[in-house]
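**Student:** Structure file target-v6.cif, mmCIF, C-alpha atoms, is pasted below:
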data_entry
#
loop_
_atom_site.label_atom_id
_atom_site.label_comp_id
_atom_site.auth_asym_id
_atom_site.auth_seq_id
_atom_site.Cartn_x
_atom_site.Cartn_y
_atom_site.Cartn_z
CA MET A 243 -106.59 -60.94 -44.55
CA THR A 244 -107.49 -57.99 -42.31
CA GLN A 245 -110.07 -58.29 -39.54
CA ALA A 246 -112.26 -55.74 -41.35
CA LEU A 247 -112.32 -57.85 -44.52
CA ASP A 248 -112.98 -60.99 -42.49
CA ASP A 249 -115.95 -59.21 -40.88
CA LEU A 250 -117.26 -58.14 -44.28
CA LEU A 251 -117.03 -61.69 -45.64
CA ASP A 252 -118.96 -62.91 -42.59
CA LEU A 253 -121.59 -60.27 -43.34
CA LEU A 254 -121.98 -61.59 -46.89
CA ASP A 255 -122.04 -65.25 -45.81
CA LEU A 256 -125.81 -65.49 -45.38
CA GLU A 257 -127.63 -67.95 -43.16
CA ARG A 258 -129.81 -70.39 -45.11
CA ILE A 259 -133.06 -70.77 -43.15
CA GLU A 260 -135.11 -72.64 -45.77
CA GLN A 261 -134.94 -73.61 -49.43
CA GLY A 262 -134.44 -70.31 -51.28
CA ILE A 263 -134.72 -68.25 -48.07
CA PHE A 264 -131.71 -66.60 -46.43
CA ARG A 265 -131.13 -64.29 -43.50
CA GLY A 266 -128.56 -61.53 -43.34
CA HIS A 267 -127.50 -58.96 -40.79
CA SER A 268 -126.08 -55.46 -41.08
CA ARG A 269 -122.92 -53.73 -39.94
CA SER A 270 -122.59 -50.27 -38.49
CA ALA A 271 -123.10 -47.75 -41.29
CA ILE A 272 -121.92 -44.16 -41.67
CA ILE A 273 -125.56 -43.06 -41.55
CA PRO A 274 -128.42 -44.70 -39.56
CA ARG A 275 -129.71 -46.93 -42.35
CA VAL A 276 -128.50 -50.03 -44.16
CA PHE A 277 -125.83 -49.25 -46.76
CA GLY A 278 -127.32 -49.89 -50.21
CA GLY A 279 -124.24 -51.72 -51.45
CA GLN A 280 -124.59 -54.18 -48.58
CA VAL A 281 -128.19 -55.14 -49.35
CA ALA A 282 -127.42 -55.41 -53.09
CA ALA A 283 -124.40 -57.63 -52.40
CA GLN A 284 -126.31 -59.83 -49.97
CA ALA A 285 -129.23 -60.20 -52.40
CA LEU A 286 -126.87 -61.21 -55.20
CA MET A 287 -125.14 -63.69 -52.89
CA ALA A 288 -128.53 -65.20 -52.00
CA ALA A 289 -129.40 -65.58 -55.69
CA GLY A 290 -125.98 -67.05 -56.48
CA ARG A 291 -126.35 -69.66 -53.75
CA THR A 292 -129.25 -71.18 -55.72
CA VAL A 293 -127.34 -71.37 -59.05
CA PRO A 294 -124.64 -73.87 -60.14
CA ALA A 295 -121.13 -72.60 -59.37
CA ASP A 296 -120.13 -72.68 -63.06
CA ARG A 297 -122.74 -69.98 -63.86
CA PRO A 298 -121.57 -66.64 -62.46
CA PRO A 299 -123.81 -63.54 -62.72
CA HIS A 300 -123.65 -61.58 -65.96
CA SER A 301 -126.14 -58.85 -64.98
CA LEU A 302 -128.34 -57.50 -62.21
CA HIS A 303 -131.10 -54.92 -62.06
CA ALA A 304 -132.37 -53.68 -58.71
CA TYR A 305 -134.62 -51.17 -56.96
CA PHE A 306 -134.15 -49.74 -53.49
CA LEU A 307 -137.70 -49.56 -52.10
CA ARG A 308 -137.39 -48.51 -48.44
CA MET A 309 -134.62 -47.53 -46.06
CA GLY A 310 -133.22 -50.58 -44.28
CA ASP A 311 -133.09 -50.83 -40.49
CA PRO A 312 -129.51 -51.72 -39.48
CA LYS A 313 -130.71 -53.13 -36.15
CA ALA A 314 -133.01 -55.77 -37.68
CA PRO A 315 -132.18 -58.89 -39.73
CA ILE A 316 -132.97 -58.91 -43.45
CA VAL A 317 -134.74 -61.91 -44.98
CA TYR A 318 -133.95 -62.64 -48.64
CA THR A 319 -136.41 -64.77 -50.61
CA VAL A 320 -135.14 -66.14 -53.92
CA ASP A 321 -137.60 -66.98 -56.70
CA PRO A 322 -136.16 -69.47 -59.26
CA ILE A 323 -137.67 -67.84 -62.36
CA ARG A 324 -135.88 -69.92 -65.02
CA ASP A 325 -133.15 -72.52 -65.45
CA GLY A 326 -132.23 -72.64 -69.14
CA ARG A 327 -129.48 -74.38 -71.06
CA SER A 328 -127.27 -71.27 -71.11
CA PHE A 329 -128.90 -68.76 -68.76
CA THR A 330 -130.38 -68.91 -65.26
CA THR A 331 -132.65 -66.17 -63.89
CA ARG A 332 -133.45 -65.35 -60.28
CA THR A 333 -135.39 -62.62 -58.50
CA VAL A 334 -134.77 -61.73 -54.88
CA THR A 335 -136.92 -59.74 -52.45
CA ALA A 336 -135.37 -58.39 -49.26
CA VAL A 337 -137.83 -57.97 -46.40
CA GLN A 338 -137.68 -56.23 -43.02
CA HIS A 339 -140.53 -55.74 -40.54
CA GLY A 340 -142.90 -57.45 -42.98
CA GLN A 341 -142.20 -55.01 -45.84
CA PRO A 342 -139.99 -55.28 -48.95
CA ILE A 343 -137.01 -52.92 -48.83
CA PHE A 344 -135.18 -54.07 -51.99
CA HIS A 345 -135.89 -56.05 -55.15
CA LEU A 346 -133.30 -57.61 -57.45
CA SER A 347 -133.37 -59.53 -60.72
CA ALA A 348 -130.17 -61.30 -61.71
CA SER A 349 -129.15 -63.41 -64.68
CA PHE A 350 -126.39 -66.03 -64.67
CA GLN A 351 -124.61 -67.59 -67.64
CA ALA A 352 -122.35 -70.53 -68.31
CA TYR A 353 -119.12 -69.43 -69.99
CA GLU A 354 -119.03 -69.49 -73.78
CA GLU A 355 -116.83 -68.11 -76.55
CA GLY A 356 -118.12 -65.16 -78.55
CA LEU A 357 -117.36 -61.89 -80.34
CA GLU A 358 -114.97 -59.59 -78.47
CA HIS A 359 -114.53 -55.82 -78.31
CA GLN A 360 -114.49 -53.19 -75.56
CA ALA A 361 -114.21 -49.47 -74.87
CA PRO A 362 -110.58 -48.59 -74.13
CA MET A 363 -109.49 -47.91 -70.58
CA PRO A 364 -109.12 -44.16 -69.89
CA PRO A 365 -105.86 -42.72 -68.58
CA ALA A 366 -105.38 -42.99 -64.82
CA PRO A 367 -102.37 -42.77 -62.50
CA ASP A 368 -100.92 -45.82 -60.83
CA PRO A 369 -103.04 -46.58 -57.73
CA ASP A 370 -99.96 -47.06 -55.56
CA SER A 371 -99.02 -43.43 -56.25
CA LEU A 372 -102.29 -42.12 -54.74
CA PRO A 373 -102.98 -41.27 -51.08
CA THR A 374 -105.00 -43.72 -49.02
CA ALA A 375 -108.32 -42.83 -47.38
CA ALA A 376 -106.56 -42.75 -44.00
CA GLU A 377 -104.21 -40.10 -45.39
CA THR A 378 -106.95 -38.09 -47.13
CA LEU A 379 -110.10 -38.06 -44.97
CA PRO A 380 -108.68 -36.43 -41.81
CA ARG A 381 -107.83 -33.31 -43.87
CA TYR A 382 -111.55 -32.54 -44.30
CA THR A 383 -112.88 -33.04 -40.77
CA ASP A 384 -113.68 -29.33 -40.50
CA VAL A 385 -116.06 -29.35 -43.50
CA PHE A 386 -118.23 -32.21 -42.21
CA VAL A 387 -121.39 -31.47 -40.26
CA ASP A 388 -120.22 -33.98 -37.63
CA PRO A 389 -116.45 -34.11 -36.98
CA SER A 390 -116.71 -37.87 -36.32
CA VAL A 391 -117.77 -38.55 -39.92
CA ALA A 392 -114.21 -39.05 -41.13
CA GLU A 393 -113.57 -41.67 -38.46
CA ARG A 394 -116.87 -43.43 -39.23
CA MET A 395 -116.11 -43.42 -42.96
CA LEU A 396 -112.74 -45.03 -42.34
CA ALA A 397 -114.29 -47.69 -40.10
CA ALA A 398 -117.13 -48.45 -42.56
CA ARG A 399 -114.70 -48.79 -45.49
CA ALA A 400 -111.83 -50.50 -43.68
CA ALA A 401 -112.29 -53.73 -45.67
CA VAL A 402 -111.62 -51.90 -48.94
CA ASP A 403 -108.64 -49.82 -50.06
CA LEU A 404 -110.37 -47.05 -52.03
CA ARG A 405 -108.27 -44.22 -53.49
CA TYR A 406 -109.54 -41.14 -55.33
CA VAL A 407 -107.63 -40.07 -58.42
CA ASP A 408 -108.78 -36.45 -57.99
CA ASP A 409 -110.26 -34.67 -54.98
CA PRO A 410 -113.59 -36.08 -53.70
CA PRO A 411 -116.68 -33.80 -53.74
CA TYR A 412 -116.25 -32.62 -50.16
CA ALA A 413 -112.80 -31.24 -51.04
CA SER A 414 -114.08 -28.63 -53.51
CA ILE A 415 -117.38 -27.34 -52.13
CA GLY A 416 -118.83 -24.44 -54.11
CA THR A 417 -116.67 -25.03 -57.17
CA PRO A 418 -118.44 -26.96 -59.95
CA ARG A 419 -116.20 -29.39 -61.83
CA GLU A 420 -116.50 -31.71 -64.76
CA PRO A 421 -119.01 -34.45 -63.76
CA ARG A 422 -116.39 -37.20 -63.79
CA SER A 423 -114.70 -39.11 -60.99
CA GLN A 424 -112.21 -41.96 -60.81
CA VAL A 425 -111.29 -44.20 -57.91
CA TRP A 426 -109.11 -47.27 -57.65
CA PHE A 427 -110.24 -50.00 -55.26
CA ARG A 428 -109.41 -53.49 -54.05
CA THR A 429 -110.11 -55.46 -50.91
CA ASN A 430 -107.68 -55.13 -48.01
CA GLY A 431 -106.59 -58.76 -48.21
CA LYS A 432 -106.63 -61.74 -50.55
CA LEU A 433 -109.79 -63.69 -51.36
CA ASP A 434 -110.38 -67.25 -52.46
CA ASP A 435 -111.04 -68.05 -56.12
CA ASP A 436 -114.87 -68.19 -56.05
CA PRO A 437 -115.98 -65.91 -58.97
CA LEU A 438 -119.30 -65.17 -57.23
CA LEU A 439 -117.51 -63.74 -54.20
CA HIS A 440 -115.47 -61.31 -56.34
CA ILE A 441 -118.59 -60.16 -58.19
CA VAL A 442 -120.51 -59.72 -54.92
CA LEU A 443 -117.69 -57.63 -53.44
CA ALA A 444 -117.55 -55.41 -56.54
CA THR A 445 -121.31 -54.96 -56.18
CA TYR A 446 -120.81 -53.90 -52.57
CA VAL A 447 -118.20 -51.27 -53.49
CA SER A 448 -120.09 -50.02 -56.57
CA ASP A 449 -122.60 -48.10 -54.41
CA MET A 450 -119.95 -46.14 -52.48
CA THR A 451 -118.99 -43.38 -54.94
CA LEU A 452 -121.15 -43.64 -58.06
CA LEU A 453 -123.14 -40.45 -57.49
CA ASP A 454 -120.02 -38.37 -56.72
CA SER A 455 -119.97 -37.13 -60.30
CA VAL A 456 -123.47 -35.65 -59.85
CA LEU A 457 -122.23 -33.66 -56.85
CA LEU A 458 -119.10 -32.49 -58.66
CA ALA A 459 -121.14 -30.95 -61.48
CA HIS A 460 -122.82 -28.62 -58.95
CA GLY A 461 -120.03 -28.00 -56.47
CA ARG A 462 -121.83 -29.92 -53.76
CA GLY A 463 -119.97 -31.74 -50.99
CA GLY A 464 -122.52 -34.43 -50.19
CA TRP A 465 -124.56 -35.70 -47.26
CA ALA A 466 -121.59 -35.49 -44.83
CA VAL A 467 -121.31 -31.77 -45.55
CA GLY A 468 -125.07 -31.29 -45.37
CA ASP A 469 -125.56 -29.50 -48.68
CA VAL A 470 -127.54 -32.36 -50.28
CA VAL A 471 -129.70 -35.24 -49.13
CA GLY A 472 -129.92 -38.37 -51.20
CA ALA A 473 -130.46 -42.08 -51.54
CA SER A 474 -130.01 -44.72 -54.22
CA LEU A 475 -133.14 -45.46 -56.27
CA ASP A 476 -132.08 -48.18 -58.69
CA HIS A 477 -128.90 -49.97 -59.66
CA ALA A 478 -127.84 -52.02 -62.67
CA MET A 479 -124.61 -53.90 -63.40
CA TRP A 480 -123.30 -55.95 -66.30
CA PHE A 481 -120.34 -58.26 -65.70
CA HIS A 482 -118.40 -58.61 -68.94
CA ARG A 483 -115.13 -60.36 -68.09
CA PRO A 484 -113.59 -62.18 -65.13
CA PHE A 485 -111.82 -60.05 -62.52
CA ARG A 486 -110.55 -60.25 -58.97
CA ALA A 487 -111.81 -57.83 -56.33
CA ASP A 488 -108.56 -58.29 -54.38
CA GLU A 489 -106.58 -56.76 -57.26
CA TRP A 490 -106.70 -53.09 -58.30
CA LEU A 491 -109.82 -52.08 -60.25
CA LEU A 492 -110.38 -48.64 -61.81
CA TYR A 493 -113.90 -47.27 -61.25
CA ASP A 494 -114.35 -44.62 -63.97
CA GLN A 495 -117.58 -42.67 -63.27
CA GLU A 496 -119.54 -39.84 -64.85
CA SER A 497 -122.95 -38.20 -64.67
CA PRO A 498 -124.75 -37.44 -67.95
CA SER A 499 -127.82 -35.86 -66.30
CA ALA A 500 -129.48 -34.52 -63.17
CA SER A 501 -133.08 -33.31 -63.06
CA ALA A 502 -136.31 -33.48 -61.03
CA GLY A 503 -134.45 -34.17 -57.79
CA ARG A 504 -132.63 -37.15 -59.29
CA GLY A 505 -129.10 -37.68 -60.54
CA LEU A 506 -127.80 -40.35 -62.90
CA GLY A 507 -124.39 -41.95 -62.58
CA GLN A 508 -122.82 -44.34 -65.06
CA ALA A 509 -119.46 -46.05 -64.83
CA ARG A 510 -117.07 -48.68 -66.12
CA ILE A 511 -114.80 -50.85 -64.02
CA TYR A 512 -111.47 -51.89 -65.55
CA THR A 513 -108.78 -54.27 -64.38
CA GLN A 514 -105.30 -52.80 -64.00
CA ALA A 515 -104.38 -54.62 -67.21
CA GLY A 516 -107.02 -52.58 -69.08
CA HIS A 517 -109.79 -55.17 -69.47
CA LEU A 518 -113.35 -53.83 -69.22
CA ALA A 519 -114.84 -55.95 -66.43
CA VAL A 520 -118.12 -54.26 -65.39
CA THR A 521 -120.56 -51.56 -66.48
CA VAL A 522 -122.64 -49.83 -63.78
CA ILE A 523 -125.59 -47.42 -63.94
CA GLN A 524 -127.44 -45.95 -60.97
CA GLU A 525 -130.04 -43.23 -60.40
CA GLY A 526 -130.43 -41.65 -57.00
CA VAL A 527 -132.36 -38.96 -55.21
CA VAL A 528 -130.17 -35.84 -54.99
CA ARG A 529 -132.02 -32.99 -53.32
CA VAL A 530 -130.87 -29.61 -52.03
CA PRO A 531 -132.16 -29.14 -48.45
CA ARG A 532 -134.81 -26.50 -48.10
#
Re-express the file's structure as structure tokens.
**Tutor:**
Amino acid sequence: MTQALDDLLDLLDLERIEQGIFRGHSRSAIIPRVFGGQVAAQALMAAGRTVPADRPPHSLHAYFLRMGDPKAPIVYTVDPIRDGRSFTTRTVTAVQHGQPIFHLSASFQAYEEGLEHQAPMPPAPDPDSLPTAAETLPRYTDVFVDPSVAERMLAARAAVDLRYVDDPPYASIGTPREPRSQVWFRTNGKLDDDPLLHIVLATYVSDMTLLDSVLLAHGRGGWAVGDVVGASLDHAMWFHRPFRADEWLLYDQESPSASAGRGLGQARIYTQAGHLAVTVIQEGVVRVPR
């Protein structure tokens, strides 16, 4: 396990300060606010800590309410809405400086047999044939508003090996492309077998690139280039089948719509064997600076 992954696992290992109340901290982010994937992952971890281990999450629905302060702790309060025979429901509110910054509802289910079908996995090259972030990012230092962005991106994502199938948005500024993007990802090190941990880590990564397809449709490079400003508004995930976050996962993303200063991203996450593991949908603010 790399030191970066060890640090990320420590970040997700919340402090229990009372029954149903947890405290988390933040890591240095690329921008001066709490990374949305971090607060979503921590909130889901808090909810999962109040549910029997044999009931992993099957869905979450969340709203980002305020920007998080990376210098202050985040308190997560879990409300035990329902404990049924098959399903368990929790809501979580994340609070900083006396105000809610994030709200999550999550549902957990004991495993059961049922009908089976799935959308087929789209074509994608072998992840080991693709360049790493360390090989790719330094090529684009000159297009970023701040030349240190590439270094900060690498540091913030050091726990995860994330590889673009095609060029990222900042590589084709001014040239609109099909609103689709694919990345392969896995953690930079092996994890234990706790299903909740793998789901939480996928939640963390899911907020990194989902709105890329919105930018591609308009030839925009993103916040690091300075041609858009944005933030996540809401986030939903459905966990269909077991997977491991320390093995390659294909994140196949597209944007069906952008309007009114918002962009919608939707995606499917597949295992390398072709099993549909997760569906993700997110809407975010995507504004052109005036």
**Student:** So which one's closest to Arg405 in chain A, A:Gln508, A:Ser474, A:Thr451, A:Gln360? Using all atoms listed in the file, please.
**Tutor:**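 Smallest distance to Arg405 in chain A is found for A:Thr451.
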**Student:** Taking 5 positions as the minimum chain separation for residues in the same chain, which residues sit within 7 Å of His300 in chain A when counting all atoms listed in the file? Answer as JSON, numbers by chain.
**Tutor:** {"A": [349, 350, 351, 480, 481, 482]}
**Student:** Which residues are close to range 307-311 of chain A, i.e. within 12 Å by all atoms listed in the file, leaving aside same-chain residues fewer than 2 positions away? Reply as a PyMOL selection string.
**Tutor:** chain A and resi 266-271+273-282+304-305+313-317+335-346+472-477+526
**Student:** Please evaluate the PyMOL selection byres ((chain A and resi 491) around 6) against the structure above and give the resulting residues as a PyMOL selection string.
**Tutor:** chain A and resi 426-427+490+492+512-514
**Student:** Step by step, gather every atom of range 511-516 of chain A that the file lists, find the box along x, y and z that holds them, add 5 Å on each side, and finally give centre and edge lengths in Å to one decimal, as JSON.
**Tutor:**
{"center_x": -109.6, "center_y": -52.7, "center_z": -66.5, "size_x": 20.4, "size_y": 13.8, "size_z": 15.1}
**Student:** Skip range 381-387 of chain A itself and residues of its chain fewer than 3 positions away, then list as number ranges by chain all residues within 10 Å of it, counting all atoms listed in the file.
**Tutor:** A: 376-378, 390-393, 412-413, 415, 463-469
**Student:** Between CA of Arg297 in chain A and CA of Ala352 in chain A, what is the distance, to one decimal in Å?
**Tutor:**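 According to the coordinates, CA of Arg297 in chain A and CA of Ala352 in chain A are separated by 4.5 Å.
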**Student:** Written as a VMD selection string, which residues does the PyMOL selection byres ((chain A and resi 366) around 9) give for the file shown?
**Tutor:** chain A and resid 363 to 365 367 to 369 407 424 492
**Student:** Need to verify the contact set: His460 in chain A, 10 Å, only C-alpha atoms, exclusion of same-chain residues closer than 3 positions in sequence. Can you return it as an NGL selection string?
**Tutor:** :A and (411 or 415-421 or 455-457 or 463 or 500)
**Student:** Between A:Thr374, A:Ser328, A:Thr429, A:Thr319, which has the minimum distance to Ser347 in chain A (counting all atoms listed in the file)?
**Tutor:**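 Of the candidates, the smallest distance to Ser347 in chain A is held by A:Thr319.
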**Student:** Using the chain letters and numbers from this file, what does the PyMOL selection byres ((chain A and resi 359) around 12) select? Give the answer as a list in words.
**Tutor:**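 So the PyMOL selection byres ((chain A and resi 359) around 12), applied here, picks out Gly356, Leu357, Glu358, Gln360, Ala361, Pro362, His482, Arg483, His517, Leu518 and Ala519 of chain A.
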**Student:** What lies within 12 Å of Asp434 in chain A using only C-alpha atoms, ignoring chain neighbours under 5 positions off, as a list in words?
**Tutor:**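 What passes the distance filter is Met243, Leu251, Thr429, Leu439, His440, Arg486, Ala487 and Asp488 of chain A.
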